[in-house]
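A.B. asks: Pasting in a structure now, in structure tokens, and then I'll have a few things to ask.
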Amino acid sequence: MKTALCAMLGIETPIVQAPMGGATSPALAAAVSNAGGLGGMPLWGGGVDYLRDGLAAVRALTERPFVVNINTAFPHMELIDACLELEVPLVSLFWGASPQAIERAGSRGARVMVTVGGAREAAEAVAAGAGILVAQGWEAGGHVRGDVATMALVPAVVDAARGVPVVAAGGIADGRGMAAALALGAAGVWIGTRFLASEEAAIHAHYQRRLLDAAAGDAVWTEDLYHLGWPGAAHRTLKNATWRAWVDAGRPAPGGRPGEGERIVSGPAGEIERYTWNAPEPGETGDLDALAMYAGQGVGLVREVMPAARIVEEITRDADAILRRLAKGL
Ligand SMILES: Cc1cc2nc3c(=O)[nH]c(=O)nc-3n(C[C@H](O)[C@H](O)[C@H](O)COP(=O)(O)O)c2cc1C
């Protein structure tokens, strides 16, 4: 299946694997790219060396295009400069990218993807030089930028984008979601939660099992519940005991939350306190279920762990079949 996005990026199917901090391995990004989609690698979690090493790790596994993701809620200009030096052709900016950041990222010809949560933000990103918009709906897993659901957001962003391609994110987990997103005017889809259930995802087996067992309504918008590490940024995670105790306590602000300061998990990175933003990672032990298990509402459609390449193939095949059927008027 091809859209304008495929020609623009040199990919075979307009599926982007959402870059997911703490969950994406170079193997995942490369597997998606090698399968004809676009892998996404978050490389903002450390300094310039971390970015350089992560980039090299993906480049060692694929010669196909992939996107490097930078979180603009944290110091980022140095990382953007490193992308310029390392000739990264495709950069994604998440969380309220300033016009300066967008312009800088695109200053040497790189294409800049900007995640937006509303039409006004979309228009501003386009004016600053965004080459592709990612419209992230409220159903999305992880940190959620806006408060509009994908169904209403995508066409509004398409209208605001003035011809700049829009990629739809949030709640898309299978071929039906992809076909719907394309019908709304998107040129592609940006999928996170479904790829957490891939063999290449770098998450703890407990978290992966919880994803497979979850229903759509188990993925709740939790304000900034897991605030330690990134305060004030809302997110969507699976219901667990940490969430339940906080709800029962009347959703108190940080400082008044039940069990604050408790060290609940230990692992290679040390001990992790309740309300930290970390998701359960391989090698950790303790009360893993009490950590942030990010998931979008599409989690109810995720039933099996499979190789990332198979996810790309299956979603592409099913979306294609639906669109052909609809084109015949059936
Ligand atoms: C575990 C997890 C981590 C995420 N980390 C990032 C990140 O580092 N950068 C980013 O741009 N988006 C991040 N996101 C958001 C995704 O890019 C994407 O918008 C979202 O997963 C789409 O919704 P879906 O999960 O319903 O497919 C994350 C999402 C998840 C589930």
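Ligands are numbered from 1 in the order shown, residues from 1 within each chain, and chains are lettered A, B, ... in the order they appear in the structure tokens.
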Run DSSP on the backbone and grab whatever in region 67-195 of chain A lands in strand (DSSP E); send it over as a VMD selection string.
C.D. replies: chain A and resid 67 to 71 90 to 94 111 to 116 132 to 136 142 to 143 166 to 169 188 to 191
A.B. asks: Excluding same-chain residues fewer than 6 positions from Leu301 (chain A), what lies within 12 Å of it counting only C-alpha atoms, as a PyMOL selection string?
C.D. replies: chain A and resi 171-177+193-195+197+211-217+219+295
A.B. asks: Could you take the residues named above and write them with N, CA and C atoms, as a PDB file, in the first residue's frame?
C.D. replies:
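Just written: selection_13.pdb:
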```pdb
ATOM      1  N   GLY A 171      -4.677   5.057  19.372  1.00  0.00           N
ATOM      2  CA  GLY A 171      -5.764   4.088  19.291  1.00  0.00           C
ATOM      3  C   GLY A 171      -5.763   3.244  18.037  1.00  0.00           C
ATOM      4  N   ILE A 172      -4.749   3.399  17.185  1.00  0.00           N
ATOM      5  CA  ILE A 172      -4.703   2.619  15.942  1.00  0.00           C
ATOM      6  C   ILE A 172      -3.880   1.355  16.205  1.00  0.00           C
ATOM      7  N   ALA A 173      -4.508   0.201  16.069  1.00  0.00           N
ATOM      8  CA  ALA A 173      -3.817  -1.038  16.452  1.00  0.00           C
ATOM      9  C   ALA A 173      -3.960  -2.135  15.421  1.00  0.00           C
ATOM     10  N   ASP A 174      -4.770  -1.915  14.390  1.00  0.00           N
ATOM     11  CA  ASP A 174      -4.921  -2.953  13.362  1.00  0.00           C
ATOM     12  C   ASP A 174      -5.292  -2.324  12.019  1.00  0.00           C
ATOM     13  N   GLY A 175      -5.579  -3.178  11.037  1.00  0.00           N
ATOM     14  CA  GLY A 175      -5.859  -2.679   9.690  1.00  0.00           C
ATOM     15  C   GLY A 175      -7.125  -1.835   9.631  1.00  0.00           C
ATOM     16  N   ARG A 176      -8.075  -2.141  10.507  1.00  0.00           N
ATOM     17  CA  ARG A 176      -9.309  -1.340  10.524  1.00  0.00           C
ATOM     18  C   ARG A 176      -8.994   0.087  10.940  1.00  0.00           C
ATOM     19  N   GLY A 177      -8.176   0.235  11.966  1.00  0.00           N
ATOM     20  CA  GLY A 177      -7.798   1.580  12.420  1.00  0.00           C
ATOM     21  C   GLY A 177      -7.007   2.317  11.351  1.00  0.00           C
ATOM     22  N   THR A 193       1.265   1.372  20.938  1.00  0.00           N
ATOM     23  CA  THR A 193       0.891   0.254  21.805  1.00  0.00           C
ATOM     24  C   THR A 193       0.985  -1.103  21.105  1.00  0.00           C
ATOM     25  N   ARG A 194       0.547  -1.201  19.866  1.00  0.00           N
ATOM     26  CA  ARG A 194       0.591  -2.499  19.182  1.00  0.00           C
ATOM     27  C   ARG A 194       2.030  -3.019  19.084  1.00  0.00           C
ATOM     28  N   PHE A 195       2.973  -2.107  18.902  1.00  0.00           N
ATOM     29  CA  PHE A 195       4.373  -2.543  18.800  1.00  0.00           C
ATOM     30  C   PHE A 195       4.991  -2.880  20.154  1.00  0.00           C
ATOM     31  N   ALA A 197       3.689  -5.010  21.918  1.00  0.00           N
ATOM     32  CA  ALA A 197       3.494  -6.464  21.884  1.00  0.00           C
ATOM     33  C   ALA A 197       4.238  -7.074  20.704  1.00  0.00           C
ATOM     34  N   LEU A 211      -0.518  -6.111  28.920  1.00  0.00           N
ATOM     35  CA  LEU A 211      -1.055  -5.516  27.691  1.00  0.00           C
ATOM     36  C   LEU A 211      -1.982  -6.503  26.983  1.00  0.00           C
ATOM     37  N   LEU A 212      -1.541  -7.758  26.910  1.00  0.00           N
ATOM     38  CA  LEU A 212      -2.339  -8.768  26.197  1.00  0.00           C
ATOM     39  C   LEU A 212      -3.669  -9.014  26.905  1.00  0.00           C
ATOM     40  N   ASP A 213      -3.684  -8.884  28.222  1.00  0.00           N
ATOM     41  CA  ASP A 213      -4.890  -9.166  28.998  1.00  0.00           C
ATOM     42  C   ASP A 213      -5.835  -7.963  29.098  1.00  0.00           C
ATOM     43  N   ALA A 214      -5.360  -6.784  28.725  1.00  0.00           N
ATOM     44  CA  ALA A 214      -6.126  -5.559  29.007  1.00  0.00           C
ATOM     45  C   ALA A 214      -7.273  -5.340  28.024  1.00  0.00           C
ATOM     46  N   ALA A 215      -8.347  -4.729  28.526  1.00  0.00           N
ATOM     47  CA  ALA A 215      -9.439  -4.241  27.675  1.00  0.00           C
ATOM     48  C   ALA A 215      -9.201  -2.753  27.414  1.00  0.00           C
ATOM     49  N   ALA A 216      -9.899  -2.210  26.414  1.00  0.00           N
ATOM     50  CA  ALA A 216      -9.698  -0.800  26.050  1.00  0.00           C
ATOM     51  C   ALA A 216      -9.832   0.118  27.269  1.00  0.00           C
ATOM     52  N   GLY A 217     -10.829  -0.151  28.098  1.00  0.00           N
ATOM     53  CA  GLY A 217     -11.108   0.719  29.244  1.00  0.00           C
ATOM     54  C   GLY A 217     -10.106   0.612  30.376  1.00  0.00           C
ATOM     55  N   ALA A 219      -7.007   1.171  29.890  1.00  0.00           N
ATOM     56  CA  ALA A 219      -5.973   2.169  29.572  1.00  0.00           C
ATOM     57  C   ALA A 219      -6.552   3.547  29.876  1.00  0.00           C
ATOM     58  N   ALA A 295      -0.133   2.614  27.901  1.00  0.00           N
ATOM     59  CA  ALA A 295      -0.902   1.909  26.868  1.00  0.00           C
ATOM     60  C   ALA A 295      -1.995   2.829  26.351  1.00  0.00           C
TER      61      ALA A 295
END
```
A.B. asks: Could you give me the residues within 6 Å of ligand 1, counting only C-alpha atoms and all ligand atoms, as a list of chain:residue names?
C.D. replies: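 Listed by chain and ascending number, the contacts are A:Ala18, A:Pro19, A:Met20, A:Gly21, A:Ala23, A:Pro42, A:Phe94, A:Gln136, A:Glu139, A:Ala140, A:Gly141, A:Gly142, A:His143, A:Ala169, A:Gly170, A:Gly171, A:Ile172, A:Ile191, A:Gly192, A:Thr193, A:Tyr294, A:Ala295, A:Gly296, A:Gln297, A:Gly298.
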A.B. asks: May I have the residues within 10 Å of Glu273 (chain A) as a list in words, using only C-alpha atoms and disregarding those fewer than 3 positions away in the same chain?
C.D. replies: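 Result of the neighbour search: Tyr226, Leu228, Gly259, Glu260, Gly261, Glu262, Arg263, Ile264, Val265, Ser266, Gly270, Thr276, Trp277, Asn278, Ala290 and Leu291 of chain A.
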A.B. asks: Between A:Ala180, A:Asn34, A:Ala241, A:Gly137, which is the closest to Asp320 (chain A) once you count only C-alpha atoms?
C.D. replies: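 Of the candidates, the smallest distance to Asp320 (chain A) is held by A:Ala180.
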A.B. asks: Using only C-alpha atoms, determine which residues lie at most 8 Å from Asn71 (chain A), disregarding the query and same-chain residues fewer than 2 positions distant; provide the list as a list of chain:residue names.
C.D. replies: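 Residues near the query, excluding close chain neighbours: A:Trp44, A:Asn69, A:Ala73, A:Phe74, A:His76, A:Leu93, A:Phe94, A:Trp95.
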A.B. asks: Would you mind telling me which residue in A:Val114, A:Leu326, A:Ala105, A:Ala269 lies nearest to Gly283 (chain A) when using only C-alpha atoms?
C.D. replies: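 Of A:Val114, A:Leu326, A:Ala105, A:Ala269, the one nearest Gly283 (chain A) is A:Ala269, counting only C-alpha atoms.
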A.B. asks: One decimal, in Å: what's the spacing between CA of Gly255 (chain A) and CA of Arg236 (chain A)?
C.D. replies: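 According to the coordinates, CA of Gly255 (chain A) and CA of Arg236 (chain A) are separated by 20.9 Å.
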A.B. asks: Record the distance separating CA of Ile203 (chain A) and CA of Phe66 (chain A), expressed in Å with one decimal.
C.D. replies: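 Separation of CA of Ile203 (chain A) and CA of Phe66 (chain A): 20.6 Å.
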A.B. asks: Mind the document's chain letters and residue numbers, and return as an MDAnalysis selection string the residues of region 94-168 of chain A that DSSP labels alpha helix (DSSP H).
C.D. replies: chainID A and resid 99:105 119:128 150:160
A.B. asks: Residues of the last selection are to be written out with C-alpha atoms, as an mmCIF file, in the first residue's frame.
C.D. replies:
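What landed in result_21.cif:
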```
data_model
loop_
_atom_site.group_PDB
_atom_site.id
_atom_site.type_symbol
_atom_site.label_atom_id
_atom_site.label_comp_id
_atom_site.auth_asym_id
_atom_site.auth_seq_id
_atom_site.Cartn_x
_atom_site.Cartn_y
_atom_site.Cartn_z
ATOM 1 C CA PRO A 99 9.393 27.442 16.023
ATOM 2 C CA GLN A 100 13.144 27.782 16.742
ATOM 3 C CA ALA A 101 13.517 24.038 17.312
ATOM 4 C CA ILE A 102 11.575 23.195 14.145
ATOM 5 C CA GLU A 103 13.570 25.647 12.042
ATOM 6 C CA ARG A 104 16.902 24.454 13.462
ATOM 7 C CA ALA A 105 16.073 20.767 12.956
ATOM 8 C CA ALA A 119 -5.385 22.300 14.956
ATOM 9 C CA ARG A 120 -3.859 25.557 16.188
ATOM 10 C CA GLU A 121 -0.638 23.830 17.168
ATOM 11 C CA ALA A 122 -0.662 22.168 13.742
ATOM 12 C CA ALA A 123 -0.915 25.499 11.908
ATOM 13 C CA GLU A 124 1.933 26.932 13.996
ATOM 14 C CA ALA A 125 4.148 23.923 13.294
ATOM 15 C CA VAL A 126 3.509 24.196 9.564
ATOM 16 C CA ALA A 127 4.297 27.923 9.623
ATOM 17 C CA ALA A 128 7.622 27.101 11.346
ATOM 18 C CA THR A 150 -8.210 10.799 17.007
ATOM 19 C CA MET A 151 -11.522 10.689 15.084
ATOM 20 C CA ALA A 152 -12.109 14.437 15.501
ATOM 21 C CA LEU A 153 -8.450 15.490 15.636
ATOM 22 C CA VAL A 154 -7.127 14.027 12.385
ATOM 23 C CA PRO A 155 -9.493 15.806 9.948
ATOM 24 C CA ALA A 156 -9.087 19.069 11.890
ATOM 25 C CA VAL A 157 -5.295 18.794 11.651
ATOM 26 C CA VAL A 158 -5.515 17.835 7.954
ATOM 27 C CA ASP A 159 -7.518 21.019 7.341
ATOM 28 C CA ALA A 160 -4.987 23.109 9.271
#
```
A.B. asks: Using only C-alpha atoms, which residues sit within 9 Å of Glu199 (chain A) once same-chain residues fewer than 6 positions away are excluded, as a PyMOL selection string?
C.D. replies: chain A and resi 28+305-308
A.B. asks: Considering only C-alpha atoms, return as a PyMOL selection string whatever protein or nucleic-acid residues lie within 12 Å of region 89-91 of chain A, sequence-local ones (same chain, fewer than 2 positions apart) excluded.
C.D. replies: chain A and resi 8-10+19+38-44+55+64-72+79-87+93-94+97+101-115+130-133
A.B. asks: For C-alpha atoms, I'd like the residues from the last selection saved as a PDB file, in the first residue's frame.
C.D. replies:
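What landed in result.pdb:
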```pdb
ATOM      1  CA  MET A   8       8.205  11.303   0.426  1.00  0.00           C
ATOM      2  CA  LEU A   9      10.078   8.998   2.833  1.00  0.00           C
ATOM      3  CA  GLY A  10      11.060   6.107   0.574  1.00  0.00           C
ATOM      4  CA  PRO A  19       9.265   6.050  19.057  1.00  0.00           C
ATOM      5  CA  LEU A  38       9.291   3.511   9.202  1.00  0.00           C
ATOM      6  CA  GLY A  39      11.022   2.633  12.468  1.00  0.00           C
ATOM      7  CA  GLY A  40      11.157   5.285  15.155  1.00  0.00           C
ATOM      8  CA  MET A  41      14.006   5.618  17.649  1.00  0.00           C
ATOM      9  CA  PRO A  42      13.703   7.876  20.716  1.00  0.00           C
ATOM     10  CA  LEU A  43      17.201   9.237  21.340  1.00  0.00           C
ATOM     11  CA  TRP A  44      16.541  12.002  23.837  1.00  0.00           C
ATOM     12  CA  LEU A  55      21.856   6.078  15.913  1.00  0.00           C
ATOM     13  CA  ARG A  64      16.289   1.789   5.255  1.00  0.00           C
ATOM     14  CA  PRO A  65      14.876   5.102   6.526  1.00  0.00           C
ATOM     15  CA  PHE A  66      13.958   5.563  10.171  1.00  0.00           C
ATOM     16  CA  VAL A  67      13.087   8.586  12.293  1.00  0.00           C
ATOM     17  CA  VAL A  68      15.006   9.947  15.284  1.00  0.00           C
ATOM     18  CA  ASN A  69      12.753  11.294  18.025  1.00  0.00           C
ATOM     19  CA  ILE A  70      13.635  14.190  20.356  1.00  0.00           C
ATOM     20  CA  ASN A  71      11.534  15.292  23.330  1.00  0.00           C
ATOM     21  CA  THR A  72      11.379  19.083  23.381  1.00  0.00           C
ATOM     22  CA  LEU A  79      20.576  17.019  20.474  1.00  0.00           C
ATOM     23  CA  ILE A  80      19.098  18.704  17.417  1.00  0.00           C
ATOM     24  CA  ASP A  81      22.564  20.033  16.551  1.00  0.00           C
ATOM     25  CA  ALA A  82      23.948  16.513  16.932  1.00  0.00           C
ATOM     26  CA  CYS A  83      21.309  15.264  14.476  1.00  0.00           C
ATOM     27  CA  LEU A  84      22.475  17.922  12.014  1.00  0.00           C
ATOM     28  CA  GLU A  85      26.111  16.888  12.426  1.00  0.00           C
ATOM     29  CA  LEU A  86      25.291  13.207  12.093  1.00  0.00           C
ATOM     30  CA  GLU A  87      23.208  13.906   8.966  1.00  0.00           C
ATOM     31  CA  LEU A  93       9.887  16.528  17.711  1.00  0.00           C
ATOM     32  CA  PHE A  94       7.492  15.701  20.524  1.00  0.00           C
ATOM     33  CA  ALA A  97       8.219  22.084  19.681  1.00  0.00           C
ATOM     34  CA  ALA A 101      13.517  24.038  17.312  1.00  0.00           C
ATOM     35  CA  ILE A 102      11.575  23.195  14.145  1.00  0.00           C
ATOM     36  CA  GLU A 103      13.570  25.647  12.042  1.00  0.00           C
ATOM     37  CA  ARG A 104      16.902  24.454  13.462  1.00  0.00           C
ATOM     38  CA  ALA A 105      16.073  20.767  12.956  1.00  0.00           C
ATOM     39  CA  GLY A 106      15.221  21.461   9.315  1.00  0.00           C
ATOM     40  CA  SER A 107      18.044  23.911   8.638  1.00  0.00           C
ATOM     41  CA  ARG A 108      20.225  21.465   6.673  1.00  0.00           C
ATOM     42  CA  GLY A 109      17.502  19.834   4.662  1.00  0.00           C
ATOM     43  CA  ALA A 110      16.263  17.273   7.176  1.00  0.00           C
ATOM     44  CA  ARG A 111      12.535  16.621   7.139  1.00  0.00           C
ATOM     45  CA  VAL A 112      10.944  17.495  10.463  1.00  0.00           C
ATOM     46  CA  MET A 113       7.971  15.608  11.876  1.00  0.00           C
ATOM     47  CA  VAL A 114       6.119  17.487  14.625  1.00  0.00           C
ATOM     48  CA  THR A 115       3.615  15.851  16.969  1.00  0.00           C
ATOM     49  CA  ALA A 130       7.249  21.190   9.786  1.00  0.00           C
ATOM     50  CA  GLY A 131       7.416  18.774   6.857  1.00  0.00           C
ATOM     51  CA  ILE A 132       5.062  16.184   8.342  1.00  0.00           C
ATOM     52  CA  LEU A 133       2.581  16.477  11.215  1.00  0.00           C
TER      53      LEU A 133
END
```
A.B. asks: With only C-alpha atoms as the atoms that count, which of A:Pro254, A:Thr242, A:Ala249, A:Thr316 lies nearest to Asp289 (chain A)?
C.D. replies: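 When distances to Asp289 (chain A) are compared using only C-alpha atoms, the smallest one comes from A:Thr242.
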A.B. asks: Of the candidates A:Arg209, A:Ala179, A:Glu271, A:Met1, which one gets nearest to Arg325 (chain A) if we count only C-alpha atoms?
C.D. replies: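 Nearest candidate to Arg325 (chain A) out of A:Arg209, A:Ala179, A:Glu271, A:Met1: A:Ala179.
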